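A.B. asks: Sharing a structure with you now.
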Amino acid sequence: MIRPSSARGAARRTVRPAVALATLAAAALALSACSASSDAGTGDGDGSTPISFQLDWVKDSQFSGYFTADDKGYYADAGVDVTFLDGGDVASTAAVIAGGGAQIGVVSNMSRLVDAINTGADLVAVGAVYQESPAGIMTLPDRPISSIDDLVGLRIGTDESGTADLNTLFRVNGLEPDYEDVRVGYDAAPLFDGQIDAYYAYVTNQPIPYLLQGIDVNTITFADLGFESYAGLIVTTREFLDANPDAVAGFVSASQKGWDDAVADPEAAVALTLGSYGTDLGLDEESEVASLTAIAGLVQSDYTAEHGLLALDPEAISGPMYDALTASGVTELPDPATAFDTTLVPAPAAE
Amino acid sequence: MRSPSGALSRIVLPIAGVVVLIAFWQLAGTTQLLGRSVPPPTEVLAALAERGDVLWRATLATSQRALVGGLIGYAIGLVLASITAWFPRSTTPLVRTTVLINAIPIVAIGPVLMTGAARPFIPEIFAALSVLFSTTLATSDGFRTVSRAGRDVFRVFGATRLQRFVRLEAPSALPMAADALRLAVPAAILGAILGEWFGAERGLGVVMVSSMRNVQYGQLWAAALITVLVSVVFYALATLLEKSATRRFGRTGETPSAVPALSRGLATVIGIAIPLALVVAWQLWVLLGRVPLIVAPQPLQVVAALGDGALDLLAAAGLTTLSALGGLLCGALVGLALAVVVTLVPWLASMLSPLALVIPTVPIVVFIPVIGGMLGYGMQTVFASCVLMAFFPLYVLALSGLRARPLGSDDLFSVYGAGRVKRLVRLALPASVPSLLVAIRLAAANCFLIALSAEWLMGEGGLGRVFSERRVMLDTAGSWAAVAVAIVLSVLAYAGAALLEKKLLARWGA
């Protein structure tokens, strides 16, 4: 092969990397321009504030309180115009909110919120749907779990978030994690096939279809095993909250009304979810009603009876929940006063 | 070549293959031979009937995204490959850039895309990215299979550059470009489905994750079945194109001419400049866009994370390398063996082709419970997935490569009364070398990505598992560090395959 090595050839060759660099730099600029423009735009002409609301899963009935608020016009009454953004990748929602892709969103639990804040993200939680996390353990009837000791040494099936949660559960109970972590994903079948002894699940989710089919399973939440955490946290950025305090407060109080309705009438909330929001998921109505009924049990607590649904208890946060986070190995915990705004959830009118 | 009972082999046998598969599936489903998560076909049919409207909308959405994204990626790949034909010296830098881009696991950029303006188009972007590399690589090689005689003729007659491109190079490249189209079909569909997990409202991918979590196995498999059917339809179309391209323009069976060598100095400069340009662009994007750490870390933060977790990452990289290279080797052998068997026994081709297509088109998440149910969860399942996913490009390209014939050679072999096996060994195998070479480079570039995603979903260890754990804890610098190691390994695997190819060609004097 003859290799031309004229001066012209050499000159042409050295130009190319520079051109490539310039092109890439231009692409980077264009990209950054896009992401910069997306955090602008608060408030619009007719006075209602547009809010993109990032869910942490697809539009199933675990969000039916929000859908009810939207359908019944509570959001419109509160001066916010809400667009629901589907989730799917649970790990992404905090990044989407912090990165300006959504003004408000759902962060799955306290650990994820604190992890996010510790990356420097200026997030603040303004409410929580689940007063007690639905995360828990599912086992077959012959292996009931009532304390952490029952889990020691077991083969536990996990999904992507399961491992971190289980490790925290052991540490909160003063133990080093001692179990065989089997990554099985969202499928509980290995439990029935005898490949695992226990399965990390949302007790409001995977066990339900089995129970409906008449297959008996045991469930216990992490809270009952001593690991307390809010879940389904409503999170925004400090910047958005400071710029739009009324819109955020309006969003929270309208969501509370929607959740009040959904808890009072799960059938109607599920019918709405399946008919108008999660129409493309092929959800099973019976399962969803059972799931939402289970959710309703975790959404209500003694504290919410007094302070309203979605309420955040400052003492619970700085007490047992922060203790759990400390036990899990988080060394720097954000000041609860900046990471949580517990004032936005309206208390029910005195009777 | 074709047996007199052509209609039989073309129509009856694929159907027979499908019937055998369905019979086995019904048996496995009702007896739970493959575990509880495999529903019998009757249950899947029931889900299809009951959820027809949902599944239809999902199918339309996903097909559209795969088609748009896939065609865009394919077109860009053709353009890049054409550039390498016009300017052979651009081959090395261009191919290296696409290798590098291909090595970036798309799951790592999902959150980045979700925060930006690209959000609604994530499935299309994933589909495009999934086909770009294989298209560029295969077509670029195709351009270089121009026979020396043809080139000489064009030179003697003083053809212009454009004439040479249109009349000589493009026709030579078409069969390989058509092969790339066949490979692109399952890749684009899987890319779109994966993209739908990052916030799409509807689509087969959305139905799949929702069904999986709600233990709706019938519906999950119905969505998977539709994915296979859509892939089969598009794949059949692509195969028709491939066959007519081969018939019309001929597959020379000529080994691609060597990429014009760059001087050692320049090669080094380019080797450093391309990754450096990407890193600089990344740094600029983070700084100018004020991208928060939770969305993307800065290069130096990733370097720091690489240092902090060096030992863990090294151990994980070892495990991943084992799965990736082992899977590549076994997958390549299986793919090649299958292609040879199918070539020797032509009626098997019609029967096996629809079955072979099932594996690469069904998202691995649907298969995990099946493989896990059979083999148990852990390293062996990761390895099996690597083999399953590595075999396809080799099978497809070997199959069409084995049909390549230098002009008149078949007649020559007939005259001498050579048998089927002799024909295969002396004629078909040597003629399939160009296709095999592309296939091995393709598979090598992808084997680490495959291992990474398998480990992400079900690994006990390895880079994919490290990536997933750090990702969930929102340790972006740490998870990108794991990704960075995987990218380096991918690039090395490609470079290794390319080097091996060069050595082999030099040795056999092709």
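Each chain in the structure tokens gets a letter, A, B and so on, in the order shown; residues start at 1 in every chain, and ligands are counted from 1 in the order they appear.
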For range 90-101 of chain B, list every protein, DNA or RNA residue within 7 Å, evaluated using only C-alpha atoms, and leave out those in the same chain fewer than 5 positions away; present the list as a short mmCIF file (atom, residue, chain, number, x, y, z; two decimals) with N, CA and C atoms, in the first residue's frame.
C.D. replies:
data_model
loop_
_atom_site.label_atom_id
_atom_site.label_comp_id
_atom_site.auth_asym_id
_atom_site.auth_seq_id
_atom_site.Cartn_x
_atom_site.Cartn_y
_atom_site.Cartn_z
N THR B 84 -16.35 7.18 5.06
CA THR B 84 -15.13 6.37 5.10
C THR B 84 -14.77 5.84 3.71
N PHE B 133 -23.84 2.00 15.46
CA PHE B 133 -22.50 1.42 15.39
C PHE B 133 -22.43 0.25 14.41
N LEU B 137 -20.14 0.17 11.02
CA LEU B 137 -19.05 -0.80 10.91
C LEU B 137 -19.26 -1.74 9.71
N VAL B 259 -7.68 -1.00 5.93
CA VAL B 259 -7.89 0.42 6.19
C VAL B 259 -6.55 1.10 6.01
N ILE B 270 -4.75 10.81 17.30
CA ILE B 270 -6.19 10.61 17.15
C ILE B 270 -6.74 9.79 18.30
N ILE B 274 -9.70 11.92 20.38
CA ILE B 274 -11.14 11.64 20.37
C ILE B 274 -11.71 11.52 21.78
N ALA B 445 -17.20 -5.51 20.48
CA ALA B 445 -17.50 -4.16 20.96
C ALA B 445 -18.70 -4.19 21.90
N VAL B 491 -13.71 -0.72 24.55
CA VAL B 491 -12.84 -0.22 23.49
C VAL B 491 -11.65 -1.17 23.31
#
A.B. asks: Determine, counting only C-alpha atoms, which protein, DNA and RNA residues have an atom within 10 Å of an atom of Ala125 in chain A; residues of the same chain fewer than 5 positions away are not included. Present the result as a list in words.
C.D. replies: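 Counting only the stated atoms, we get Ile104, Gly105, Val106, Val107, Met110, Leu113, Leu233, Ile234, Val235, Thr236, Thr237, Arg238, Leu312, Pro336, Thr338, Ala339, Phe340, Asp341 and Thr342 of chain A.
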A.B. asks: Okay, now the selection with N, CA and C atoms, as an mmCIF file, in the first residue's frame?
C.D. replies:
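Result file is again-v4.cif:
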data_model
loop_
_atom_site.group_PDB
_atom_site.id
_atom_site.type_symbol
_atom_site.label_atom_id
_atom_site.label_comp_id
_atom_site.auth_asym_id
_atom_site.auth_seq_id
_atom_site.Cartn_x
_atom_site.Cartn_y
_atom_site.Cartn_z
ATOM 1 N N ILE A 104 -41.941 19.636 40.587
ATOM 2 C CA ILE A 104 -42.216 18.853 41.787
ATOM 3 C C ILE A 104 -42.165 17.382 41.370
ATOM 4 N N GLY A 105 -41.845 16.515 42.322
ATOM 5 C CA GLY A 105 -41.811 15.107 41.972
ATOM 6 C C GLY A 105 -41.874 14.234 43.204
ATOM 7 N N VAL A 106 -41.968 12.933 42.950
ATOM 8 C CA VAL A 106 -42.041 11.960 44.037
ATOM 9 C C VAL A 106 -40.659 11.324 44.198
ATOM 10 N N VAL A 107 -40.127 11.377 45.419
ATOM 11 C CA VAL A 107 -38.881 10.666 45.714
ATOM 12 C C VAL A 107 -39.255 9.494 46.600
ATOM 13 N N MET A 110 -36.863 8.223 52.290
ATOM 14 C CA MET A 110 -35.988 9.176 52.976
ATOM 15 C C MET A 110 -34.524 8.989 52.577
ATOM 16 N N LEU A 113 -33.857 10.677 49.366
ATOM 17 C CA LEU A 113 -33.889 12.132 49.497
ATOM 18 C C LEU A 113 -32.573 12.627 50.092
ATOM 19 N N LEU A 233 -42.333 10.644 48.990
ATOM 20 C CA LEU A 233 -42.153 12.046 49.414
ATOM 21 C C LEU A 233 -42.430 13.009 48.264
ATOM 22 N N ILE A 234 -43.133 14.090 48.580
ATOM 23 C CA ILE A 234 -43.368 15.138 47.587
ATOM 24 C C ILE A 234 -42.226 16.134 47.716
ATOM 25 N N VAL A 235 -41.463 16.280 46.626
ATOM 26 C CA VAL A 235 -40.202 17.011 46.711
ATOM 27 C C VAL A 235 -40.137 18.088 45.633
ATOM 28 N N THR A 236 -39.596 19.229 45.999
ATOM 29 C CA THR A 236 -39.364 20.283 45.011
ATOM 30 C C THR A 236 -37.973 20.859 45.280
ATOM 31 N N THR A 237 -37.589 21.869 44.510
ATOM 32 C CA THR A 237 -36.302 22.509 44.807
ATOM 33 C C THR A 237 -36.558 23.726 45.677
ATOM 34 N N ARG A 238 -35.562 24.065 46.489
ATOM 35 C CA ARG A 238 -35.672 25.262 47.344
ATOM 36 C C ARG A 238 -35.926 26.486 46.463
ATOM 37 N N LEU A 312 -45.979 15.877 57.466
ATOM 38 C CA LEU A 312 -44.648 15.465 57.902
ATOM 39 C C LEU A 312 -44.504 15.835 59.372
ATOM 40 N N PRO A 336 -32.796 19.065 59.232
ATOM 41 C CA PRO A 336 -34.198 18.792 58.893
ATOM 42 C C PRO A 336 -34.970 20.058 58.549
ATOM 43 N N THR A 338 -34.036 22.515 56.785
ATOM 44 C CA THR A 338 -33.887 22.932 55.393
ATOM 45 C C THR A 338 -34.331 21.827 54.432
ATOM 46 N N ALA A 339 -34.192 20.580 54.842
ATOM 47 C CA ALA A 339 -34.540 19.479 53.943
ATOM 48 C C ALA A 339 -36.052 19.217 53.925
ATOM 49 N N PHE A 340 -36.747 19.690 54.944
ATOM 50 C CA PHE A 340 -38.191 19.458 55.020
ATOM 51 C C PHE A 340 -38.901 20.765 55.314
ATOM 52 N N ASP A 341 -39.977 21.015 54.632
ATOM 53 C CA ASP A 341 -40.859 22.112 54.996
ATOM 54 C C ASP A 341 -42.159 21.478 55.464
ATOM 55 N N THR A 342 -42.335 21.430 56.794
ATOM 56 C CA THR A 342 -43.476 20.704 57.350
ATOM 57 C C THR A 342 -44.699 21.599 57.511
#
A.B. asks: Restricting the calculation to only C-alpha atoms, which member of A:Val129, A:Val184, A:Ala98, A:Ala198 is positioned closest to Ile117 in chain A?
C.D. replies: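 Ranked by minimum distance to Ile117 in chain A, first place goes to A:Ala98.
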A.B. asks: Name the residues in contact with Leu132 in chain B at a cut-off of 6 Å, using only C-alpha atoms, excluding same-chain residues fewer than 2 positions from it; report them as a ChimeraX atom specification.
C.D. replies: /B:73-74,77,129-130,134-135
A.B. asks: Would you mind exporting N, CA and C atoms of the selected residues as a tab-separated table (two decimals), in the first residue's frame?
C.D. replies:
chain	number	residue	atom	x	y	z
B	73	GLY	N	-30.89	6.33	12.99
B	73	GLY	CA	-29.59	5.76	13.34
B	73	GLY	C	-28.96	5.07	12.14
B	74	TYR	N	-29.80	4.36	11.40
B	74	TYR	CA	-29.31	3.63	10.23
B	74	TYR	C	-28.79	4.59	9.16
B	77	GLY	N	-25.60	6.02	10.16
B	77	GLY	CA	-24.58	5.00	9.98
B	77	GLY	C	-24.14	4.91	8.52
B	129	LEU	N	-29.24	5.04	18.70
B	129	LEU	CA	-27.90	4.69	19.21
B	129	LEU	C	-27.63	3.20	19.09
B	130	SER	N	-28.71	2.39	19.20
B	130	SER	CA	-28.52	0.95	19.18
B	130	SER	C	-28.14	0.42	17.80
B	134	SER	N	-23.37	-0.70	14.56
B	134	SER	CA	-23.29	-1.88	13.69
B	134	SER	C	-23.45	-1.48	12.23
B	135	THR	N	-24.30	-0.48	11.98
B	135	THR	CA	-24.50	-0.03	10.60
B	135	THR	C	-23.22	0.57	10.04
A.B. asks: Please determine, counting only C-alpha atoms, which residue among B:Ala245, B:Ile22, B:Ala477, B:Val341 has the shortest atom-to-atom distance to chain A.
C.D. replies: B:Ala477
A.B. asks: Leaving out Trp456 in chain B and any residue of its chain fewer than 6 positions from it, which residues lie within 12 Å of it when counting only C-alpha atoms, given as a PyMOL selection string?
C.D. replies: (chain A and resi 159-161+183-185) or (chain B and resi 105+107-108+320+364-365+368+378-379+382+448-450+462-472+479+482-483)
A.B. asks: So that I can check the surroundings of range 142-158 of chain B, please list as a PyMOL selection string every protein, DNA and RNA residue that reaches within 6 Å of it, counting only C-alpha atoms and ignoring chain neighbours fewer than 5 positions away.
C.D. replies: chain B and resi 169+172-173+176+254-257
A.B. asks: Do you have the CA of Ile145 in chain A-CA of Asn167 in chain A distance handy?
C.D. replies: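 If I compute the distance from CA of Ile145 in chain A to CA of Asn167 in chain A, I get 16.7 Å.
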A.B. asks: Which residues, written as an MDAnalysis selection string, have at least one atom at most 12 Å from Ser244 in chain B, with only C-alpha atoms counted and residues fewer than 3 positions away on the same chain left out?
C.D. replies: chainID B and resid 171 174:175 178:179 237:241 247:251
A.B. asks: Can you list, as a ChimeraX atom specification, every residue of range 282-494 of chain B that DSSP puts in alpha helix (DSSP H)?
C.D. replies: /B:282-288,299-308,310-344,346-361,364-375,379-401,409-415,420-423,429-431,433-458,463-472,476-494
A.B. asks: Mind checking which residues fall within 9 Å of Glu267 in chain A, counting only C-alpha atoms, ignoring those fewer than 6 positions away in the same chain, and posting them as a PyMOL selection string?
C.D. replies: chain A and resi 285+288-289+292-293
A.B. asks: Those selected residues, please, written with C-alpha atoms and delivered as a compact mmCIF listing (two decimals), in the first residue's frame.
C.D. replies:
# COMPACT_ATOMS: atom_id res chain seq x y z
CA GLU A 285 -58.99 -3.56 38.38
CA GLU A 288 -55.55 -2.28 41.89
CA VAL A 289 -58.46 -1.85 44.31
CA LEU A 292 -55.02 0.93 46.92
CA THR A 293 -56.87 -0.38 49.97
A.B. asks: Have a look at A:Leu140, A:Val172, A:Val203, A:Leu225 and name the one nearest to chain B; count only C-alpha atoms.
C.D. replies: A:Val203
